[in-house]
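Peer 1: My structure file structure_15.txt, compact mmCIF, C-alpha atoms and all ligand atoms, is below:
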```txt
# COMPACT_ATOMS: atom_id res chain seq x y z
CA MET A 1 5.61 -26.04 -8.29
CA LYS A 2 3.75 -28.12 -10.85
CA ALA A 3 0.34 -26.45 -10.54
CA THR A 4 1.88 -22.98 -10.64
CA ASP A 5 3.86 -23.83 -13.78
CA LEU A 6 0.64 -25.01 -15.42
CA LEU A 7 -1.16 -21.82 -14.38
CA LEU A 8 1.60 -19.58 -15.73
CA ASP A 9 1.59 -21.54 -19.00
CA SER A 10 -2.10 -20.72 -19.42
CA ASP A 11 -3.68 -17.62 -20.97
CA PRO A 12 -3.89 -14.89 -18.28
CA PHE A 13 -7.35 -13.88 -19.45
CA ASP A 14 -8.90 -17.33 -19.78
CA PHE A 15 -11.74 -17.40 -17.25
CA SER A 16 -13.11 -20.84 -18.11
CA ASP A 17 -13.85 -23.27 -15.26
CA ASN A 18 -10.69 -25.19 -16.14
CA ALA A 19 -8.54 -22.08 -16.00
CA LYS A 20 -10.04 -21.00 -12.70
CA LYS A 21 -9.33 -24.45 -11.31
CA LEU A 22 -5.68 -24.02 -12.33
CA PHE A 23 -5.50 -20.88 -10.16
CA LEU A 24 -7.13 -22.70 -7.25
CA GLU A 25 -4.64 -25.59 -7.49
CA SER A 26 -1.74 -23.20 -7.86
CA ILE A 27 -2.59 -21.09 -4.81
CA LYS A 28 -3.24 -24.24 -2.79
CA GLU A 29 0.26 -25.44 -3.71
CA ASN A 30 1.68 -22.02 -2.83
CA ALA A 31 -0.26 -21.67 0.44
CA LEU A 32 0.82 -25.16 1.57
CA HIS A 33 4.43 -24.25 0.87
CA HIS A 34 4.24 -21.07 2.97
CA TYR A 35 2.27 -22.89 5.68
CA GLN A 36 5.11 -25.39 5.97
CA LYS A 37 8.02 -22.97 5.60
CA HIS A 38 6.90 -19.77 7.27
CA GLU A 39 6.23 -19.96 10.96
CA PHE A 40 4.31 -16.69 11.34
CA THR A 41 1.93 -17.57 8.52
CA ARG A 42 1.37 -21.07 9.95
CA LYS A 43 0.66 -19.74 13.44
CA LEU A 44 -1.64 -17.03 12.10
CA TRP A 45 -3.63 -19.46 9.98
CA ASP A 46 -3.76 -22.05 12.78
CA LYS A 47 -5.07 -19.39 15.12
CA LEU A 48 -7.73 -18.34 12.62
CA GLY A 49 -8.64 -21.96 11.93
CA PHE A 50 -7.56 -22.06 8.29
CA HIS A 51 -5.58 -24.82 6.57
CA PRO A 52 -4.64 -24.73 2.84
CA ASN A 53 -6.07 -28.24 2.40
CA GLU A 54 -9.51 -26.65 2.76
CA LEU A 55 -9.14 -25.07 -0.68
CA GLU A 56 -11.40 -27.22 -2.85
CA VAL A 57 -13.66 -24.88 -4.81
CA GLU A 58 -13.40 -21.27 -6.01
CA ASN A 59 -15.46 -19.90 -3.12
CA ASP A 60 -12.97 -21.36 -0.64
CA LEU A 61 -10.42 -18.73 -1.75
CA GLN A 62 -12.23 -16.18 0.38
CA LYS A 63 -11.29 -18.24 3.43
CA ILE A 64 -7.54 -17.62 3.06
CA PRO A 65 -6.87 -15.01 5.74
CA GLY A 66 -5.41 -11.82 4.32
CA THR A 67 -2.15 -10.88 6.01
CA MET A 68 -2.12 -7.13 6.65
CA VAL A 69 0.26 -5.30 4.34
CA HIS A 70 1.85 -3.32 7.19
CA LEU A 71 3.23 -6.57 8.66
CA PHE A 72 5.33 -6.96 5.52
CA LYS A 73 6.63 -3.42 5.94
CA GLU A 74 7.58 -3.95 9.57
CA HIS A 75 9.01 -7.47 9.35
CA GLU A 76 11.22 -9.27 6.90
CA PHE A 77 8.97 -12.18 6.02
CA CYS A 78 10.72 -14.78 3.93
CA SER A 79 9.94 -18.47 3.33
CA VAL A 80 13.35 -19.55 2.05
CA PRO A 81 16.88 -19.12 3.45
CA ARG A 82 18.24 -15.66 2.59
CA GLU A 83 21.07 -17.12 0.53
CA GLU A 84 18.52 -18.51 -1.92
CA LEU A 85 17.19 -15.06 -2.81
CA ALA A 86 17.89 -13.73 -6.28
CA LEU A 87 16.41 -10.25 -5.79
CA VAL A 88 15.05 -8.07 -3.00
CA LEU A 89 12.69 -5.49 -4.47
CA THR A 90 12.23 -2.31 -2.47
CA SER A 91 10.03 0.70 -2.81
CA SER A 92 11.81 3.84 -1.66
CA GLY A 93 9.67 4.76 1.32
CA THR A 94 10.72 6.95 4.20
CA GLY A 95 10.06 6.76 7.94
CA GLY A 96 10.76 3.04 8.10
CA GLN A 97 7.69 2.20 6.01
CA LYS A 98 9.69 0.44 3.36
CA SER A 99 7.84 -1.87 1.00
CA GLN A 100 9.77 -4.87 -0.15
CA GLN A 101 9.45 -8.25 -1.71
CA PHE A 102 11.80 -11.22 -1.65
CA LEU A 103 12.26 -13.28 -4.79
CA ASP A 104 14.19 -16.49 -5.16
CA LYS A 105 15.29 -17.55 -8.65
CA LYS A 106 12.13 -19.44 -9.51
CA SER A 107 9.76 -16.77 -8.15
CA LEU A 108 11.66 -14.08 -10.06
CA GLU A 109 11.31 -16.12 -13.25
CA ASN A 110 7.60 -16.55 -12.48
CA VAL A 111 6.92 -12.84 -12.03
CA LYS A 112 8.79 -11.95 -15.23
CA ARG A 113 6.92 -14.63 -17.10
CA LEU A 114 3.46 -13.60 -15.88
CA ALA A 115 4.15 -9.92 -16.55
CA TYR A 116 5.12 -10.79 -20.11
CA SER A 117 2.02 -12.97 -20.66
CA ILE A 118 -0.27 -10.21 -19.36
CA HIS A 119 1.29 -7.51 -21.55
CA ARG A 120 1.33 -9.80 -24.59
CA SER A 121 -2.34 -10.68 -24.11
CA LEU A 122 -3.19 -6.97 -23.95
CA GLY A 123 -1.42 -6.39 -27.28
CA MET A 124 1.52 -4.57 -25.70
CA ALA A 125 4.40 -6.91 -26.55
CA SER A 126 5.97 -6.53 -29.97
CA ALA A 127 9.02 -7.47 -32.02
CA THR A 128 9.11 -3.89 -33.37
CA GLU A 129 11.97 -1.70 -32.15
CA TYR A 130 11.12 1.29 -29.96
CA ASN A 131 13.02 4.15 -28.41
CA TYR A 132 12.26 4.31 -24.69
CA LEU A 133 11.95 7.29 -22.40
CA CYS A 134 11.71 6.03 -18.81
CA PHE A 135 10.79 8.50 -16.08
CA THR A 136 12.62 6.44 -13.57
CA TYR A 137 15.94 5.63 -12.02
CA ASP A 138 18.63 4.12 -14.15
CA PRO A 139 18.49 0.40 -13.23
CA LYS A 140 22.28 0.29 -13.37
CA VAL A 141 22.28 2.20 -10.08
CA ALA A 142 18.83 1.31 -8.69
CA ASN A 143 17.97 -2.19 -9.84
CA ASP A 144 16.38 -3.14 -6.53
CA LEU A 145 13.84 -0.31 -6.66
CA GLY A 146 10.38 -1.48 -7.70
CA THR A 147 9.92 1.19 -10.36
CA ALA A 148 13.35 0.70 -11.94
CA PHE A 149 12.81 -3.07 -11.99
CA THR A 150 9.39 -2.67 -13.63
CA ASP A 151 10.65 -0.30 -16.28
CA GLU A 152 13.60 -2.49 -17.17
CA LEU A 153 11.25 -5.47 -17.38
CA LEU A 154 8.77 -3.59 -19.60
CA THR A 155 11.46 -2.47 -22.05
CA ASN A 156 12.19 -6.15 -22.69
CA PHE A 157 8.69 -6.85 -24.04
CA THR A 158 9.53 -5.20 -27.39
CA GLY A 159 12.55 -4.67 -29.57
CA LYS A 160 14.48 -1.65 -28.32
CA LYS A 161 16.85 0.93 -29.74
CA GLU A 162 17.74 3.76 -27.37
CA VAL A 163 16.62 3.69 -23.73
CA TYR A 164 16.81 7.05 -21.95
CA TYR A 165 16.45 7.10 -18.14
CA ALA A 166 15.24 10.50 -16.96
CA ILE A 167 16.27 10.23 -13.31
CA GLN A 168 20.02 10.06 -13.10
CA TRP A 169 22.64 9.77 -10.41
CA ASN A 170 24.78 12.91 -10.27
CA GLY A 171 27.39 11.42 -7.98
CA SER A 172 25.66 12.31 -4.72
CA ASP A 173 21.92 12.23 -5.42
CA PHE A 174 19.24 11.30 -7.95
CA GLU A 175 18.24 14.11 -10.26
CA MET A 176 15.72 14.51 -13.05
CA ASN A 177 17.48 15.50 -16.27
CA GLU A 178 14.77 17.73 -17.75
CA LYS A 179 16.93 19.03 -20.58
CA GLY A 180 17.89 15.47 -21.45
CA VAL A 181 14.23 14.43 -21.52
CA VAL A 182 13.24 17.20 -23.94
CA GLU A 183 16.22 16.44 -26.16
CA ALA A 184 15.47 12.70 -26.12
CA LEU A 185 11.84 13.31 -27.14
CA LYS A 186 12.90 15.61 -30.01
CA ARG A 187 15.49 13.06 -31.11
CA PHE A 188 12.90 10.25 -30.97
CA GLU A 189 10.32 12.30 -32.91
CA LYS A 190 12.75 12.71 -35.81
CA SER A 191 14.16 9.19 -35.68
CA GLY A 192 11.45 7.38 -37.65
CA THR A 193 11.37 4.80 -34.83
CA PRO A 194 8.25 4.77 -32.63
CA THR A 195 8.56 5.78 -28.97
CA ARG A 196 7.44 4.24 -25.71
CA ILE A 197 7.27 6.46 -22.64
CA LEU A 198 7.21 4.75 -19.25
CA GLY A 199 6.57 6.58 -16.05
CA PHE A 200 4.52 8.48 -13.53
CA PRO A 201 1.69 10.43 -15.18
CA ALA A 202 2.28 13.56 -13.08
CA LEU A 203 5.96 13.73 -14.08
CA LEU A 204 5.14 13.52 -17.78
CA PHE A 205 2.33 16.04 -17.45
CA GLU A 206 4.55 18.54 -15.66
CA MET A 207 7.22 18.17 -18.33
CA ILE A 208 4.65 18.81 -21.07
CA GLU A 209 3.41 21.96 -19.31
CA LYS A 210 6.75 23.33 -18.21
CA HIS A 211 8.49 22.84 -21.54
CA ASP A 212 5.39 23.46 -23.64
CA LEU A 213 5.87 20.20 -25.51
CA ASN A 214 3.95 19.87 -28.75
CA MET A 215 5.08 17.02 -30.91
CA ASN A 216 3.90 14.05 -32.87
CA LEU A 217 5.59 10.82 -31.88
CA GLY A 218 3.40 8.95 -34.36
CA PRO A 219 0.52 6.47 -34.26
CA ASP A 220 2.74 3.52 -33.28
CA SER A 221 4.01 5.21 -30.11
CA TRP A 222 2.89 4.22 -26.62
CA LEU A 223 2.60 5.65 -23.15
CA GLN A 224 2.72 3.22 -20.22
CA THR A 225 2.03 4.94 -16.92
CA GLY A 226 2.18 3.64 -13.38
CA GLY A 227 2.47 4.84 -9.81
CA GLY A 228 -0.60 7.08 -9.88
CA TRP A 229 -0.70 10.75 -8.89
CA LYS A 230 0.54 10.23 -5.32
CA GLY A 231 1.68 13.48 -3.79
CA LYS A 232 0.18 15.45 -6.67
CA ALA A 233 -3.36 14.27 -6.06
CA ASP A 234 -4.59 17.88 -6.09
CA LYS A 235 -3.38 18.15 -9.67
CA GLU A 236 -4.72 14.79 -10.79
CA ILE A 237 -6.34 14.87 -14.19
CA PRO A 238 -9.13 12.35 -14.82
CA LYS A 239 -7.88 9.48 -16.95
CA LYS A 240 -10.09 10.23 -19.95
CA GLU A 241 -8.99 13.85 -20.10
CA PHE A 242 -5.34 12.88 -19.53
CA ARG A 243 -5.50 10.51 -22.50
CA GLN A 244 -6.87 13.30 -24.71
CA ILE A 245 -4.15 15.73 -23.62
CA ILE A 246 -1.39 13.19 -24.30
CA HIS A 247 -2.81 12.53 -27.74
CA ALA A 248 -3.01 16.24 -28.52
CA ARG A 249 0.46 17.13 -27.20
CA LEU A 250 2.53 14.04 -28.06
CA GLY A 251 0.53 12.38 -30.84
CA ILE A 252 0.17 9.09 -28.93
CA PRO A 253 -3.19 7.43 -29.73
CA GLU A 254 -5.50 7.04 -26.74
CA GLU A 255 -5.74 3.27 -27.17
CA ASN A 256 -1.92 3.08 -26.88
CA GLN A 257 -1.98 4.79 -23.48
CA ARG A 258 -2.02 2.18 -20.75
CA ASP A 259 -1.87 2.57 -17.01
CA LEU A 260 -0.51 -0.11 -14.69
CA PHE A 261 -1.31 -0.65 -11.03
CA GLY A 262 1.03 -2.78 -8.98
CA MET A 263 2.19 -3.14 -5.40
CA VAL A 264 5.70 -4.20 -4.48
CA GLU A 265 4.29 -6.70 -1.93
CA HIS A 266 1.93 -8.30 -4.45
CA GLY A 267 3.73 -8.07 -7.78
CA ILE A 268 0.86 -8.81 -10.15
CA PRO A 269 0.55 -6.07 -12.79
CA TYR A 270 -3.02 -4.84 -13.34
CA VAL A 271 -2.87 -3.26 -16.77
CA ASP A 272 -5.26 -1.14 -18.84
CA CYS A 273 -6.89 -2.54 -21.94
CA LYS A 274 -7.27 -0.23 -24.94
CA LYS A 275 -10.41 1.19 -23.33
CA GLY A 276 -8.48 2.24 -20.24
CA ASN A 277 -9.72 -0.32 -17.70
CA LEU A 278 -7.39 -2.31 -15.41
CA HIS A 279 -8.06 -5.99 -16.03
CA ILE A 280 -7.61 -8.65 -13.35
CA PRO A 281 -5.83 -11.71 -14.78
CA ASN A 282 -6.56 -15.30 -13.79
CA TYR A 283 -3.12 -15.27 -12.11
CA ALA A 284 -4.70 -13.36 -9.23
CA ARG A 285 -7.91 -12.83 -7.28
CA VAL A 286 -9.13 -9.54 -5.88
CA PHE A 287 -11.69 -9.41 -3.08
CA VAL A 288 -13.26 -6.23 -1.76
CA ARG A 289 -13.79 -6.18 1.99
CA SER A 290 -15.53 -4.00 4.53
CA PRO A 291 -13.05 -1.90 6.54
CA HIS A 292 -15.16 -2.55 9.65
CA ASP A 293 -15.31 -6.33 9.84
CA ILE A 294 -13.45 -7.44 6.65
CA SER A 295 -16.57 -9.18 5.35
CA ILE A 296 -16.89 -9.42 1.54
CA ARG A 297 -18.62 -6.35 0.11
CA PRO A 298 -21.46 -6.83 -2.40
CA ARG A 299 -20.22 -6.82 -6.00
CA GLY A 300 -19.41 -3.35 -7.31
CA GLU A 301 -19.29 -1.75 -3.87
CA ARG A 302 -16.30 0.01 -2.40
CA GLY A 303 -14.00 -1.50 0.21
CA LEU A 304 -10.48 -2.52 1.13
CA LEU A 305 -8.65 -4.48 -1.56
CA HIS A 306 -7.57 -8.01 -0.70
CA PHE A 307 -5.20 -9.50 -3.28
CA GLN A 308 -4.24 -13.12 -3.85
CA CYS A 309 -1.52 -14.57 -6.05
CA SER A 310 0.44 -17.80 -6.25
CA TYR A 311 3.71 -17.26 -8.12
CA ASN A 312 6.03 -16.38 -5.21
CA PHE A 313 7.39 -19.23 -3.09
CA SER A 314 9.91 -17.10 -1.21
CA TYR A 315 7.62 -14.33 0.08
CA PRO A 316 4.61 -15.42 2.15
CA ALA A 317 2.06 -13.00 0.70
CA PRO A 318 -0.32 -15.26 -1.25
CA SER A 319 -3.18 -13.46 0.48
CA LEU A 320 -2.57 -9.78 1.17
CA LEU A 321 -4.98 -7.36 2.81
CA THR A 322 -4.12 -3.81 1.80
CA THR A 323 -5.07 -0.33 2.95
CA ASP A 324 -6.12 0.64 -0.57
CA TYR A 325 -9.75 1.22 -1.44
CA GLY A 326 -11.31 0.03 -4.65
CA ARG A 327 -14.10 -1.96 -6.24
CA LEU A 328 -14.67 -4.46 -9.01
CA GLY A 329 -16.07 -3.51 -12.39
CA THR A 330 -16.50 -4.91 -15.87
CA CYS A 331 -15.38 -3.87 -19.35
CA ASP A 332 -16.88 -4.54 -22.77
CA CYS A 333 -13.54 -4.68 -24.65
CA GLY A 334 -13.78 -8.47 -25.06
CA ILE A 335 -10.98 -9.50 -22.67
CA GLY A 336 -13.46 -10.58 -20.02
CA GLY A 337 -13.09 -11.07 -16.29
CA ASP A 338 -13.38 -8.33 -13.70
CA THR A 339 -11.72 -4.96 -13.77
CA LEU A 340 -10.13 -3.16 -10.85
CA ILE A 341 -11.33 0.36 -10.03
CA LEU A 342 -9.02 2.16 -7.61
CA GLU A 343 -10.46 4.56 -5.09
CA GLY A 344 -7.57 5.76 -2.97
CA ARG A 345 -5.83 4.83 0.19
CA ALA A 346 -7.27 4.36 3.65
CA GLY A 347 -6.06 6.53 6.50
CA VAL A 348 -4.38 9.91 6.49
CA LYS A 349 -0.81 8.88 7.19
CA LYS A 350 1.55 10.45 4.68
CA HIS A 351 3.12 7.79 2.58
CA LYS A 352 6.20 8.51 0.61
CA GLY A 353 6.59 5.78 -1.96
CA CYS A 354 8.70 5.62 -5.11
CA ALA A 355 6.27 7.76 -7.06
CA LEU A 356 6.22 10.60 -4.57
CA LYS A 357 9.98 10.58 -4.15
CA ALA A 358 10.43 10.84 -7.90
CA LEU A 359 7.92 13.69 -8.03
CA ASP A 360 10.10 15.62 -5.58
CA LEU A 361 12.81 15.61 -8.21
CA ILE A 362 10.93 17.87 -10.59
CA ARG A 363 10.33 21.46 -9.63
ZN ZN B 1 -11.19 -3.83 -21.22
```
Output the file's structure in the form of structure tokens.
Peer 2:
Amino acid sequence: MKATDLLLDSDPFDFSDNAKKLFLESIKENALHHYQKHEFTRKLWDKLGFHPNELEVENDLQKIPGTMVHLFKEHEFCSVPREELALVLTSSGTGGQKSQQFLDKKSLENVKRLAYSIHRSLGMASATEYNYLCFTYDPKVANDLGTAFTDELLTNFTGKKEVYYAIQWNGSDFEMNEKGVVEALKRFEKSGTPTRILGFPALLFEMIEKHDLNMNLGPDSWLQTGGGWKGKADKEIPKKEFRQIIHARLGIPEENQRDLFGMVEHGIPYVDCKKGNLHIPNYARVFVRSPHDISIRPRGERGLLHFQCSYNFSYPAPSLLTTDYGRLGTCDCGIGGDTLILEGRAGVKKHKGCALKALDLIR
């Protein structure tokens, strides 16, 4: 895993030729591993006439066939013996459409390490102590759920005092402790310690409205959202307006409000800069493809998102074709590289992921 170690040692937002070459070498190493260890991937690539040894220059990355995301939902694809796995991450879907990812020890270390580097580079890691309000499941009872895993990971990027998990196990089911949330926020406001709120934007917004929250958590407080407005799309508030409301009602500065987009099957966090744009790190590539013939769309145009990453040697998804629409953009904040603009999901099939399930818990 030499090339991948070198890549993950490098700055996630270095887009120099040397840095890009590190990604190329890393994904070549990763793709060769899966080609050798995972029969389905090898047969698929053989059939499509692709071999990882063809990866020589940046443009060759487009040649790696994207494995359709639904195949990972329907089959348990794994490139190492099951006993070597350290964690199986699952998104709480229903109807058999469960999203999951397999991580052996090294791949788990890799994903934690890259998530930390990305957050640190975006100014979000800190030695300062924070109180945390997490709109998610307590990881003590739901550590294998994608959202609980992410939140526990994120709380480790700063010093922490109290961590309050809003969705609790009542002995027979998960339940949102609304009273506990309001009390925690009031306690945090008075504590003199800054606050970080992690969670689904719709859940937080509904709590603000329902309990008429008006408080000032202070200029050092943060809001880190993720999971989108799934299931509450009709109530979705445009990001810019949402940031203004959160500032007005909770006193959290707009530049400290950061959204994160991630998929359980892919694992790379795409995180907002202070201007509110999701930046694509050099630990990944994002291609935008036509839904008709999967050809590459012209820059800036809308299409299906095709993600590539190289950190996971146990789960054969280095090249993942999704059913999510989006396009590439740019940002003038100084971080550089492309940004990811999300434009919804293809198809009409109702999808009940973690976010939606959690939204059912608040009435
Ligand atoms: Zn930016």
Peer 1: Give me, as a ChimeraX atom specification, all polymer residues having an atom no more than 12 Å from Arg113 in chain A, counting all atoms listed in the file and skipping those fewer than 2 positions away in the same chain.
Peer 2: /A:4-5,7-12,106-111,115-120,153-154,156-157,267-269,283,311
Peer 1: Dump the neighbourhood of ligand ZN 1 (chain B) as a PyMOL selection string: all residues within 12 Å, distances computed on all atoms listed in the file.
Peer 2: chain A and resi 13+121-123+255+258+270-281+329-341
Peer 1: Report as a CSV table (one decimal) with C-alpha atoms, in the coordinates of the input all protein, DNA and RNA residues lying within 12 Å of Glu178 in chain A, evaluated on all atoms listed in the file, omitting residues in the same chain fewer than 6 positions from it.
Peer 2:
```
chain,number,residue,atom,x,y,z
A,133,LEU,CA,12.0,7.3,-22.4
A,135,PHE,CA,10.8,8.5,-16.1
A,164,TYR,CA,16.8,7.0,-22.0
A,165,TYR,CA,16.4,7.1,-18.1
A,166,ALA,CA,15.2,10.5,-17.0
A,167,ILE,CA,16.3,10.2,-13.3
A,168,GLN,CA,20.0,10.1,-13.1
A,184,ALA,CA,15.5,12.7,-26.1
A,185,LEU,CA,11.8,13.3,-27.1
A,203,LEU,CA,6.0,13.7,-14.1
A,204,LEU,CA,5.1,13.5,-17.8
A,206,GLU,CA,4.6,18.5,-15.7
A,207,MET,CA,7.2,18.2,-18.3
A,208,ILE,CA,4.6,18.8,-21.1
A,210,LYS,CA,6.8,23.3,-18.2
A,211,HIS,CA,8.5,22.8,-21.5
A,361,LEU,CA,12.8,15.6,-8.2
A,362,ILE,CA,10.9,17.9,-10.6
A,363,ARG,CA,10.3,21.5,-9.6
```
Peer 1: Which one of A:Leu260, A:Leu217, A:Cys78, A:Leu320 sits closest to Thr147 in chain A if you count all atoms listed in the file?
Peer 2: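 Going through A:Leu260, A:Leu217, A:Cys78, A:Leu320 one by one, the smallest distance to Thr147 in chain A is for A:Leu260.
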Peer 1: If I put a ball of radius 10 Å at (-0.2, 12.1, -12.8) in the file's coordinates, which residues poke into it when counting all atoms listed in the file, written as a VMD selection string?
Peer 2: chain A and resid 199 to 206 225 to 239 242 355 359
